[in-house]
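*Asks:* Hey, dropping run-v9.cif in here, mmCIF, C-alpha atoms:
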data_start
#
loop_
_atom_site.label_atom_id
_atom_site.label_comp_id
_atom_site.auth_asym_id
_atom_site.auth_seq_id
_atom_site.Cartn_x
_atom_site.Cartn_y
_atom_site.Cartn_z
CA MET A 1 74.85 58.20 69.01
CA THR A 2 72.05 58.45 71.54
CA MET A 3 70.29 61.70 72.37
CA ARG A 4 71.91 61.61 75.81
CA ASN A 5 75.40 61.41 74.23
CA VAL A 6 74.54 64.24 71.85
CA MET A 7 73.38 66.45 74.73
CA TYR A 8 76.49 65.60 76.75
CA SER A 9 78.78 66.46 73.83
CA LEU A 10 77.00 69.79 73.37
CA PHE A 11 77.34 70.48 77.10
CA VAL A 12 81.11 69.81 77.03
CA CYS A 13 81.51 72.09 74.00
CA VAL A 14 79.62 74.91 75.70
CA VAL A 15 81.67 74.56 78.91
CA CYS A 16 84.94 74.67 76.94
CA MET A 17 83.78 77.76 75.06
CA LEU A 18 82.86 79.51 78.31
CA LEU A 19 86.19 78.66 79.91
CA CYS A 20 88.09 79.97 76.91
CA ALA A 21 86.02 83.15 76.96
CA CYS A 22 86.59 83.71 80.67
CA GLU A 23 90.40 83.43 80.52
CA LYS A 24 92.18 84.84 77.50
CA ALA A 25 95.88 84.03 77.56
CA PHE A 26 97.82 87.07 76.41
CA GLU A 27 100.28 86.38 73.61
CA SER A 28 103.11 87.85 75.63
CA ASN A 29 105.74 85.59 74.10
CA THR A 30 104.92 86.73 70.57
CA VAL A 31 104.01 90.40 71.16
CA SER A 32 106.98 92.73 71.36
CA GLU A 33 106.76 96.01 73.23
CA LYS A 34 106.61 98.00 70.01
CA ASP A 35 103.65 95.92 68.78
CA ALA A 36 101.75 95.89 72.08
CA ASN A 37 99.11 98.41 73.06
CA VAL A 38 99.73 97.81 76.79
CA VAL A 39 103.14 97.68 78.49
CA ILE A 40 103.42 97.16 82.26
CA ARG A 41 106.74 97.65 84.02
CA ILE A 42 107.56 97.06 87.66
CA SER A 43 109.33 100.09 89.08
CA ASP A 44 112.68 99.56 90.77
CA PHE A 45 112.82 100.16 94.49
CA GLN A 46 115.17 99.57 97.38
CA GLN A 47 114.65 97.24 100.27
CA LEU A 48 116.82 95.89 103.04
CA SER A 49 118.41 92.53 102.45
CA PHE A 50 117.42 90.09 105.17
CA GLU A 51 121.07 89.13 105.58
CA ASN A 52 121.92 92.66 106.72
CA ILE A 53 119.77 92.46 109.85
CA THR A 54 122.52 91.11 112.10
CA ASP A 55 124.00 94.02 114.07
CA GLU A 56 123.86 93.22 117.77
CA ASN A 57 121.10 95.28 119.43
CA ARG A 58 121.74 98.24 117.10
CA TYR A 59 119.64 100.31 114.77
CA ILE A 60 120.69 99.57 111.22
CA ASN A 61 120.41 102.51 108.83
CA THR A 62 122.25 100.95 105.90
CA ARG A 63 119.96 100.20 102.97
CA SER A 64 120.97 97.69 100.35
CA SER A 65 119.70 98.01 96.79
CA ILE A 66 118.17 94.74 95.61
CA ASN A 67 116.74 94.11 92.18
CA LEU A 68 113.23 92.78 92.64
CA TYR A 69 113.60 90.75 89.44
CA ASP A 70 116.43 88.77 91.01
CA TYR A 71 114.88 88.63 94.46
CA CYS A 72 111.45 87.23 93.53
CA THR A 73 111.20 83.89 91.77
CA TYR A 74 107.80 84.52 90.18
CA ILE A 75 106.00 87.56 88.79
CA GLN A 76 102.37 87.27 87.75
CA PHE A 77 100.15 89.77 85.93
CA PHE A 78 96.34 89.57 86.02
CA ILE A 79 93.73 91.65 84.18
CA PHE A 80 90.17 91.79 85.48
CA ASP A 81 87.14 93.18 83.70
CA GLY A 82 84.94 93.83 86.70
CA THR A 83 84.94 90.55 88.60
CA GLU A 84 85.88 88.50 85.53
CA LYS A 85 89.51 87.51 85.06
CA VAL A 86 90.22 88.05 81.37
CA GLY A 87 93.98 87.60 81.20
CA THR A 88 96.94 86.04 82.97
CA LEU A 89 100.66 86.32 82.33
CA ASN A 90 103.12 84.29 84.43
CA GLN A 91 106.87 84.81 84.47
CA THR A 92 109.72 82.97 86.14
CA SER A 93 113.02 84.57 87.08
CA GLY A 94 115.34 84.20 84.10
CA ASP A 95 112.62 84.57 81.48
CA ASP A 96 113.23 87.15 78.77
CA GLY A 97 111.56 90.40 79.71
CA TYR A 98 111.12 89.33 83.32
CA GLY A 99 109.29 92.11 85.13
CA THR A 100 107.76 93.64 81.99
CA ALA A 101 104.45 92.60 80.46
CA ALA A 102 103.68 93.44 76.82
CA MET A 103 100.20 92.55 75.60
CA ASN A 104 97.28 93.57 73.43
CA ILE A 105 94.04 94.35 75.26
CA PRO A 106 90.80 95.75 73.82
CA PRO A 107 90.17 99.38 74.86
CA GLY A 108 88.26 99.69 78.11
CA ASN A 109 88.49 99.96 81.88
CA TYR A 110 90.18 97.15 83.78
CA THR A 111 91.74 96.24 87.12
CA LEU A 112 95.42 95.31 87.02
CA MET A 113 96.83 93.04 89.71
CA VAL A 114 100.53 92.13 89.91
CA LEU A 115 102.18 89.61 92.25
CA ALA A 116 105.91 89.09 92.80
CA HIS A 117 106.82 86.36 95.26
CA LYS A 118 109.03 83.51 96.42
CA ALA A 119 106.44 80.76 96.85
CA LEU A 120 106.87 77.14 95.77
CA SER A 121 105.30 77.89 92.39
CA TYR A 122 102.76 80.18 90.77
CA ALA A 123 99.88 81.50 92.85
CA THR A 124 96.31 80.64 91.91
CA VAL A 125 94.05 83.66 91.54
CA SER A 126 90.37 82.69 91.62
CA SER A 127 89.33 86.30 92.15
CA LEU A 128 90.85 89.54 93.43
CA SER A 129 89.86 88.48 96.93
CA LYS A 130 91.16 84.91 96.69
CA VAL A 131 94.86 84.47 95.96
CA THR A 132 96.23 81.13 97.14
CA PHE A 133 99.67 79.52 97.03
CA PRO A 134 100.82 75.90 96.57
CA SER A 135 100.61 73.83 99.77
CA ASN A 136 99.41 77.00 101.57
CA GLN A 137 103.06 78.00 101.94
CA VAL A 138 103.64 81.73 101.72
CA GLY A 139 106.96 83.31 100.80
CA ASP A 140 107.97 86.94 100.71
CA THR A 141 105.25 88.57 98.60
CA PHE A 142 104.75 91.94 96.93
CA TYR A 143 101.62 93.12 95.14
CA TYR A 144 99.92 95.90 93.21
CA CYS A 145 96.21 96.30 92.55
CA GLY A 146 94.67 99.27 90.76
CA ASP A 147 92.44 100.43 87.93
CA ILE A 148 93.77 101.07 84.43
CA THR A 149 92.18 102.51 81.31
CA VAL A 150 93.31 101.19 77.94
CA GLU A 151 92.91 103.87 75.29
CA ALA A 152 92.40 103.01 71.63
CA ASP A 153 95.03 103.71 68.96
CA GLU A 154 97.91 104.36 71.34
CA GLN A 155 100.39 102.49 73.49
CA ASN A 156 99.40 102.50 77.15
CA THR A 157 102.39 102.25 79.49
CA TYR A 158 102.04 101.66 83.22
CA ASN A 159 104.86 101.77 85.77
CA VAL A 160 103.69 100.04 88.92
CA SER A 161 105.28 100.02 92.35
CA LEU A 162 104.86 96.84 94.36
CA GLU A 163 104.18 96.80 98.09
CA ARG A 164 105.13 94.05 100.50
CA CYS A 165 102.00 92.44 101.98
CA VAL A 166 103.37 89.73 104.30
CA SER A 167 104.68 89.63 107.82
CA MET A 168 107.62 87.47 108.84
CA PHE A 169 108.33 85.48 111.99
CA ARG A 170 112.05 84.94 112.46
CA LEU A 171 113.38 82.43 114.98
CA ILE A 172 117.06 82.73 115.91
CA MET A 173 118.38 79.60 117.58
CA GLU A 174 121.52 80.74 119.37
CA ASP A 175 122.61 77.29 120.53
CA ASN A 176 123.90 74.54 118.25
CA MET A 177 121.58 72.14 116.45
CA PRO A 178 122.17 68.56 117.69
CA ALA A 179 123.69 65.85 115.53
CA ASP A 180 120.52 63.70 115.50
CA LEU A 181 118.34 66.52 114.14
CA ALA A 182 116.63 65.90 110.79
CA LYS A 183 113.80 68.43 110.50
CA ILE A 184 112.40 71.61 112.05
CA LYS A 185 108.61 71.94 111.73
CA PHE A 186 106.69 75.19 112.16
CA TYR A 187 102.95 74.91 112.74
CA TYR A 188 101.16 78.20 113.23
CA THR A 189 97.66 79.66 113.35
CA GLY A 190 96.29 83.20 113.51
CA GLY A 191 97.45 84.37 110.08
CA SER A 192 96.22 83.73 106.57
CA SER A 193 97.71 81.81 103.66
CA THR A 194 95.16 83.46 101.34
CA LEU A 195 95.59 87.06 100.16
CA ASP A 196 92.82 89.51 99.31
CA ALA A 197 94.63 91.49 96.61
CA SER A 198 91.95 94.19 96.59
CA THR A 199 92.95 95.15 100.15
CA GLY A 200 96.41 93.64 100.66
CA TRP A 201 95.30 91.74 103.78
CA GLY A 202 94.80 88.09 104.59
CA ASN A 203 91.18 86.97 104.76
CA VAL A 204 91.23 83.31 105.85
CA ASN A 205 91.96 81.81 109.27
CA SER A 206 94.68 79.40 108.21
CA ARG A 207 96.60 76.54 109.71
CA GLN A 208 100.05 76.80 108.17
CA THR A 209 102.85 74.24 108.28
CA VAL A 210 106.40 74.73 107.02
CA ASN A 211 109.11 72.05 107.25
CA PHE A 212 112.84 72.70 107.08
CA GLU A 213 115.10 69.74 106.31
CA ILE A 214 118.39 69.86 108.23
CA GLY A 215 121.47 68.82 106.29
CA ASN A 216 124.60 67.38 107.83
CA GLY A 217 126.46 70.61 107.18
CA ASP A 218 123.96 72.55 109.28
CA LYS A 219 124.22 70.41 112.40
CA GLY A 220 126.35 71.56 115.31
CA LYS A 221 125.69 75.23 114.45
CA PRO A 222 123.23 77.95 115.42
CA ALA A 223 120.42 78.56 112.92
CA VAL A 224 117.91 81.12 111.73
CA PHE A 225 114.46 80.20 110.39
CA GLU A 226 111.89 82.47 108.78
CA VAL A 227 108.23 81.84 107.99
CA TYR A 228 105.59 84.13 106.47
CA THR A 229 101.89 84.84 106.64
CA PHE A 230 99.37 87.41 105.45
CA PRO A 231 98.12 89.25 108.54
CA HIS A 232 94.47 90.16 108.93
CA GLU A 233 93.45 93.81 108.81
CA ALA A 234 92.78 93.77 112.51
CA THR A 235 95.84 93.15 114.68
CA SER A 236 96.93 89.54 114.21
CA LYS A 237 98.58 87.30 116.76
CA LEU A 238 100.07 83.94 115.95
CA LYS A 239 100.36 80.77 117.95
CA ILE A 240 103.48 79.02 116.73
CA THR A 241 104.66 75.54 117.66
CA VAL A 242 108.21 74.72 116.61
CA THR A 243 109.14 71.04 116.72
CA ALA A 244 112.61 69.60 116.21
CA LEU A 245 112.46 66.02 114.88
CA ASP A 246 115.07 63.31 114.45
CA SER A 247 115.37 60.98 111.45
CA ASP A 248 112.80 58.60 112.97
CA GLY A 249 110.25 61.40 113.32
CA GLN A 250 110.64 61.54 117.09
CA THR A 251 110.50 64.88 118.87
CA VAL A 252 113.86 66.17 120.07
CA THR A 253 112.63 69.52 121.38
CA GLU A 254 109.37 71.45 121.06
CA LYS A 255 108.48 75.02 122.01
CA THR A 256 105.23 76.94 121.61
CA PHE A 257 105.08 80.71 121.24
CA GLU A 258 101.74 82.20 122.28
CA ASN A 259 100.24 85.54 121.22
CA VAL A 260 103.04 86.44 118.82
CA PRO A 261 102.23 89.95 117.51
CA ILE A 262 102.57 90.45 113.76
CA GLN A 263 101.99 93.34 111.38
CA ARG A 264 102.16 93.70 107.63
CA LYS A 265 105.66 94.58 106.35
CA ARG A 266 107.16 93.88 109.76
CA ILE A 267 109.35 91.18 111.27
CA THR A 268 108.65 89.65 114.64
CA GLN A 269 111.92 88.17 115.89
CA TYR A 270 112.48 85.76 118.75
CA SER A 271 115.98 84.77 119.79
CA GLY A 272 117.53 82.53 122.38
CA ALA A 273 118.69 79.00 123.18
CA PHE A 274 116.23 76.52 121.71
CA PHE A 275 117.70 73.13 122.58
CA GLU A 276 119.49 73.90 125.85
CA SER A 277 117.25 74.67 128.82
CA GLY A 278 118.15 77.50 131.14
CA GLN A 279 119.79 79.68 128.48
CA THR A 280 118.33 82.82 126.99
CA GLY A 281 119.48 85.17 124.29
CA SER A 282 119.42 88.95 124.23
CA SER A 283 116.61 90.86 122.51
CA LYS A 284 117.46 92.42 119.15
CA ILE A 285 115.41 95.29 117.77
CA THR A 286 116.01 96.79 114.34
CA VAL A 287 114.01 99.61 112.78
CA MET A 288 114.11 100.54 109.10
CA GLY A 289 112.19 102.84 106.75
CA ASP A 290 108.78 102.38 105.17
CA THR A 291 109.97 100.39 102.16
CA THR A 292 112.12 98.06 104.26
CA TRP A 293 111.42 95.35 106.75
CA VAL A 294 110.73 96.60 110.26
CA VAL A 295 111.38 94.38 113.25
CA ALA A 296 108.14 94.78 115.18
CA SER A 297 108.98 92.78 118.25
CA ALA A 298 111.99 90.94 119.59
CA VAL A 299 111.65 88.68 122.61
CA ALA A 300 114.21 86.38 124.15
CA TYR A 301 112.55 83.03 124.85
#
Could you render the structure as structure tokens?
*Replies:*
Amino acid sequence: MTMRNVMYSLFVCVVCMLLCACEKAFESNTVSEKDANVVIRISDFQQLSFENITDENRYINTRSSINLYDYCTYIQFFIFDGTEKVGTLNQTSGDDGYGTAAMNIPPGNYTLMVLAHKALSYATVSSLSKVTFPSNQVGDTFYYCGDITVEADEQNTYNVSLERCVSMFRLIMEDNMPADLAKIKFYYTGGSSTLDASTGWGNVNSRQTVNFEIGNGDKGKPAVFEVYTFPHEATSKLKITVTALDSDGQTVTEKTFENVPIQRKRITQYSGAFFESGQTGSSKITVMGDTTWVVASAVAY
């Protein structure tokens, strides 16, 4: 073996050792709660089911209890020692102990960050200020970020309450989708697909695209579409282009919504006829409490 090969092999070994040291996978599958020195539980809370926001031009006061564990597909726990990520625990809905993390952590001061979301898959957390999602597609997302102290020789239990950190744009198409429709594409700018978990705000100027495939059973009916983004701390406004495409990729109808106001934990809702010119729908405004979605703006287009 040449000296160059020896040096390269040593370099690879050092890099592997550093990577292993930087990210310690907690043995959550083998550590029971009684054997763990840290137990993290997500507190139950109530939120309004999206499906309940349908009352014509009325304030809806009914609140529906929804189990976060059933509502979010993924829950992720992250432990930071300063700026260094020292542990990750990922859970998928249906896993044993979903929503509870049991682990062993050396005594010390840490930052705990928890994500619960409905993205395409697990989020990637490069740092507290850089949380990204597969294909830059954001789903409904809740988070917690705070400091914890792990004491020696005792079990440390933390009950954390998650806060919604996205805004939603909802488009209600009140006319029927045509028979030749194959896809609805949303392209929007002004929000962020990256979350800063230390603040709960978006911190990147993103170009986001979401495609909805239209099945045969959906054609000939009205439709509702919802897309998400992380708003910036300053007031965010989206520019949204919605394109209806046929099976050949040709545009059937296209509308652009300018200066769409969005806020964290709020829904901006536009309703009206999308495919038929000359028709408009009535505005619908719904207001709920702090822990529920709030319709921030409703405009007939």
*Asks:* Report, in Å with one decimal, the straight-line distance from CA of Asp196 (chain A) to CA of Thr157 (chain A).
*Replies:*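 Computed distance, CA of Asp196 (chain A) to CA of Thr157 (chain A), equals 25.4 Å.
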*Asks:* Calculated over all atoms listed in the file, which of the candidates A:Gly191, A:Pro178, A:Gly108, A:Gly217 has the smallest distance to Phe274 (chain A)?
*Replies:*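 With all atoms listed in the file as the atom set, the closest residue is A:Pro178.
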*Asks:* Report as a list in words the full result of the PyMOL selection byres ((chain A and resi 251) around 12) when it is applied to this structure.
*Replies:*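 Evaluating the PyMOL selection byres ((chain A and resi 251) around 12) on these coordinates yields Asp180, Leu181, Ala182, Lys183, Ile184, Lys185, Val242, Thr243, Ala244, Leu245, Asp246, Ser247, Asp248, Gly249, Gln250, Val252, Thr253, Glu254, Lys255 and Phe275 of chain A.
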*Asks:* Do you know which residues are at most 12 Å from Glu33 (chain A) counting only C-alpha atoms, after dropping those on the same chain fewer than 5 positions away, and could you put them as a PyMOL selection string?
*Replies:* chain A and resi 27-28+38-41+97+100-104+155-157
*Asks:* Could you tell me, as a ChimeraX atom specification, exactly which residues end up selected when the PyMOL selection byres ((chain A and resi 163) around 6) is applied to this structure?
*Replies:* /A:142-143,162,164
*Asks:* If we count all atoms listed in the file, what is near Glu226 (chain A) at a cut-off of 7 Å, once residues fewer than 6 positions away on the same chain are taken out, given as a count of residues only?
*Replies:* 4
*Asks:* Please indicate the distance in Å from CA of Ile79 (chain A) to CA of Tyr110 (chain A), rounded to one decimal place.
*Replies:*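 For CA of Ile79 (chain A) relative to CA of Tyr110 (chain A), the distance reads 6.6 Å.
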*Asks:* Can you give me, as a CSV table (one decimal) with C-alpha atoms, keeping the file's coordinate frame, the residues this file yields under the PyMOL selection byres ((chain A and resi 144) around 12)?
*Replies:*
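For reference, part-v8.csv as written:
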chain,number,residue,atom,x,y,z
A,40,ILE,CA,103.4,97.2,82.3
A,41,ARG,CA,106.7,97.6,84.0
A,42,ILE,CA,107.6,97.1,87.7
A,43,SER,CA,109.3,100.1,89.1
A,75,ILE,CA,106.0,87.6,88.8
A,76,GLN,CA,102.4,87.3,87.8
A,77,PHE,CA,100.2,89.8,85.9
A,78,PHE,CA,96.3,89.6,86.0
A,79,ILE,CA,93.7,91.6,84.2
A,111,THR,CA,91.7,96.2,87.1
A,112,LEU,CA,95.4,95.3,87.0
A,113,MET,CA,96.8,93.0,89.7
A,114,VAL,CA,100.5,92.1,89.9
A,115,LEU,CA,102.2,89.6,92.2
A,116,ALA,CA,105.9,89.1,92.8
A,117,HIS,CA,106.8,86.4,95.3
A,128,LEU,CA,90.8,89.5,93.4
A,141,THR,CA,105.2,88.6,98.6
A,142,PHE,CA,104.8,91.9,96.9
A,143,TYR,CA,101.6,93.1,95.1
A,145,CYS,CA,96.2,96.3,92.6
A,146,GLY,CA,94.7,99.3,90.8
A,147,ASP,CA,92.4,100.4,87.9
A,148,ILE,CA,93.8,101.1,84.4
A,158,TYR,CA,102.0,101.7,83.2
A,159,ASN,CA,104.9,101.8,85.8
A,160,VAL,CA,103.7,100.0,88.9
A,161,SER,CA,105.3,100.0,92.4
A,162,LEU,CA,104.9,96.8,94.4
A,163,GLU,CA,104.2,96.8,98.1
A,164,ARG,CA,105.1,94.0,100.5
A,165,CYS,CA,102.0,92.4,102.0
A,196,ASP,CA,92.8,89.5,99.3
A,197,ALA,CA,94.6,91.5,96.6
A,198,SER,CA,92.0,94.2,96.6
A,199,THR,CA,93.0,95.2,100.2
A,200,GLY,CA,96.4,93.6,100.7
*Asks:* Choose the residue, out of A:Gly139, A:Phe212, A:Ala179, A:Arg264, that has the smallest atom-to-atom separation from Thr235 (chain A); count all atoms listed in the file.
*Replies:* A:Arg264
*Asks:* If we count all atoms listed in the file, what is near Gln263 (chain A) at a cut-off of 8 Å, once residues fewer than 6 positions away on the same chain are taken out, given as a PyMOL selection string?
*Replies:* chain A and resi 167+231+235-236+296
*Asks:* Give the centre and edge lengths of an axis-aligned box, in Å to one decimal, that holds all listed atoms of region 226-243 of chain A with 5 Å on each side, as AutoDock Vina command-line options.
*Replies:*
--center_x 102.3 --center_y 82.4 --center_z 111.7 --size_x 29.1 --size_y 32.8 --size_z 22.5
*Asks:* Interatomic distance between CA of Val166 (chain A) and CA of Arg266 (chain A)?
*Replies:*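 So the answer is 7.8 Å.
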